[in-house]
Amino acid sequence: MAFIPTPLNLPEHAFRITLKEDQHYIFDEIRKKHLVLTPEEWVRQHFIQYLIRVKKFPKALIQVEGGLSLNKLQKRTDIVIFNAKGERIMVIECKAPKIKITQATFDQAARYNSVHKTRWLVVTNGLRHCYAQIDHTNEKFLFVEELPLYSAL
């Protein structure tokens with residue numbers, strides 16, 4: 001089945017996309033492998049490139065689809081960002097463009113972050129991006145319009 005890319009609210013990038021046995025694959029430069037090109041993967045790969053090229057996040061500090069255990073269930077975190085000390089500082093949840101970013105979507109990402117306890121939480125469907133700084137002590141979110149450069153985190 002052919003994947004028709006949705007234009008996203010992220011900078012364009014010249015991805016390496018291949019077609020094998022009627023299936024499109026996109027090369028993930030973080031994991032160094034080709035992945036099935038789904039709408040969610042399209043968003044994830046665009047957001048990764050946005051982090052690297054626009055926000056200057058070091059590739060070596062980006063983890064994609066890392067596992068976590070939540071209420072004895074194995075889950076996957078789309079993207080986790082680390083600082084130079086190896087501490088998790090940001091969780092990013094990616095959704096397909098057709099999935100609306102709602103309170104329930106944000107709550108899901110917040111539940112995942114209850115394990116990681118990062119200072120930043122991002123939820124994106126490639127069209128809309130929600131950026132929040134987290135005050136874990138007071139259990140509050142401070143939503144911001146723009147994600148800062150990596151050096152400002």
# chains A, B, ... in the order shown; residues from 1 in each chain; ligands from 1
>>> residues_around(residues="Lys56 of chain A", least_positions_apart="3", cutoff="8 Å", atoms="only C-alpha atoms", output="tab-separated table (two decimals) with N, CA and C atoms, in the first residue's frame")
chain	number	residue	atom	x	y	z
A	51	LEU	N	14.56	18.67	15.56
A	51	LEU	CA	15.39	18.76	16.77
A	51	LEU	C	16.87	18.93	16.41
A	52	ILE	N	17.33	18.14	15.45
A	52	ILE	CA	18.75	18.15	15.09
A	52	ILE	C	19.11	19.42	14.32
A	53	ARG	N	18.35	19.73	13.28
A	53	ARG	CA	18.75	20.78	12.35
A	53	ARG	C	18.35	22.19	12.80
A	149	LEU	N	16.32	26.19	22.02
A	149	LEU	CA	17.48	25.48	21.50
A	149	LEU	C	17.98	24.53	22.58
A	150	TYR	N	18.64	23.47	22.14
A	150	TYR	CA	19.16	22.50	23.10
A	150	TYR	C	20.07	23.17	24.13
A	151	SER	N	20.91	24.10	23.69
A	151	SER	CA	21.85	24.77	24.59
A	151	SER	C	21.16	25.58	25.68
>>> select_by_dssp(residues="chain A", states="helix (DSSP H, G or I)", output="VMD selection string")
chain A and resid 39 to 54 59 to 61 103 to 116 150 to 152
>>> atom_distance(atom1="atom CA of Arg31 of chain A", atom2="atom CA of Phe57 of chain A")
15.5 Å
>>> select_by_dssp(residues="chain A", states="strand (DSSP E)", output="VMD selection string")
chain A and resid 17 to 20 23 to 28 33 to 36 62 to 70 73 to 82 88 to 94 120 to 124 129 to 135 140 to 144
>>> residues_around(residues="His116 of chain A", least_positions_apart="3", cutoff="10 Å", atoms="only C-alpha atoms", output="list in words")
Leu68, Thr77, Val80, Glu87, Arg88, Ile89, Met90, Val91, Ala110, Arg111, Tyr112, Asn113 and Arg119 of chain A
>>> residues_around(residues="Val144 of chain A", least_positions_apart="2", cutoff="7 Å", atoms="only C-alpha atoms", output="ChimeraX atom specification")
/A:131-132,142,146
>>> closest_residue(among="A:Ile26, A:Val43, A:Leu35, A:Val115", to="Cys94 of chain A", atoms="only C-alpha atoms")
A:Val43
>>> residues_around(residues="segment 123-130 of chain A", least_positions_apart="6", cutoff="7 Å", atoms="only C-alpha atoms", output="list in words")
Leu8, Asn9, Leu10, Val43, Ile92, Glu93, Cys94, Lys95, Ala96, Pro97, Ile99, Ile101 and Phe106 of chain A
>>> residues_around(residues="Asp135 of chain A", least_positions_apart="4", cutoff="10 Å", atoms="only C-alpha atoms", output="PDB file with N, CA and C atoms, in the first residue's frame")
ATOM      1  N   LYS A 117      10.180  11.297  34.516  1.00  0.00           N
ATOM      2  CA  LYS A 117      10.247  12.539  35.306  1.00  0.00           C
ATOM      3  C   LYS A 117      11.171  13.588  34.666  1.00  0.00           C
ATOM      4  N   THR A 118      10.958  13.835  33.377  1.00  0.00           N
ATOM      5  CA  THR A 118      11.760  14.839  32.681  1.00  0.00           C
ATOM      6  C   THR A 118      11.211  16.234  32.954  1.00  0.00           C
ATOM      7  N   ARG A 119      12.027  17.241  32.632  1.00  0.00           N
ATOM      8  CA  ARG A 119      11.612  18.637  32.827  1.00  0.00           C
ATOM      9  C   ARG A 119      10.757  19.130  31.680  1.00  0.00           C
ATOM     10  N   TRP A 120      10.804  18.433  30.528  1.00  0.00           N
ATOM     11  CA  TRP A 120      10.066  18.858  29.350  1.00  0.00           C
ATOM     12  C   TRP A 120       9.210  17.719  28.819  1.00  0.00           C
ATOM     13  N   GLU A 139       3.590  19.840  40.721  1.00  0.00           N
ATOM     14  CA  GLU A 139       2.734  19.123  39.765  1.00  0.00           C
ATOM     15  C   GLU A 139       2.016  20.082  38.815  1.00  0.00           C
ATOM     16  N   LYS A 140       2.816  20.961  38.177  1.00  0.00           N
ATOM     17  CA  LYS A 140       2.252  21.937  37.253  1.00  0.00           C
ATOM     18  C   LYS A 140       2.988  21.891  35.916  1.00  0.00           C
ATOM     19  N   PHE A 141       2.257  22.255  34.866  1.00  0.00           N
ATOM     20  CA  PHE A 141       2.818  22.372  33.526  1.00  0.00           C
ATOM     21  C   PHE A 141       2.820  23.835  33.121  1.00  0.00           C
ATOM     22  N   LEU A 142       3.914  24.275  32.532  1.00  0.00           N
ATOM     23  CA  LEU A 142       3.994  25.618  31.968  1.00  0.00           C
ATOM     24  C   LEU A 142       4.140  25.443  30.460  1.00  0.00           C
TER      25      LEU A 142
END
>>> residues_around(residues="Gly86 of chain A", least_positions_apart="5", cutoff="12 Å", atoms="only C-alpha atoms", output="list in words")
Ala60, Leu61, Ile62, Gln63, Val80 and Ile81 of chain A
>>> write_last_selection(atoms="C-alpha atoms", output="CSV table (one decimal), in the first residue's frame")
chain,number,residue,atom,x,y,z
A,60,ALA,CA,24.0,11.1,20.3
A,61,LEU,CA,21.6,12.4,23.0
A,62,ILE,CA,18.4,11.3,21.2
A,63,GLN,CA,16.8,7.9,22.0
A,80,VAL,CA,13.7,10.7,24.9
A,81,ILE,CA,16.3,13.5,25.0
>>> atom_distance(atom1="atom CA of Glu65 of chain A", atom2="atom CA of Ala152 of chain A")
24.5 Å
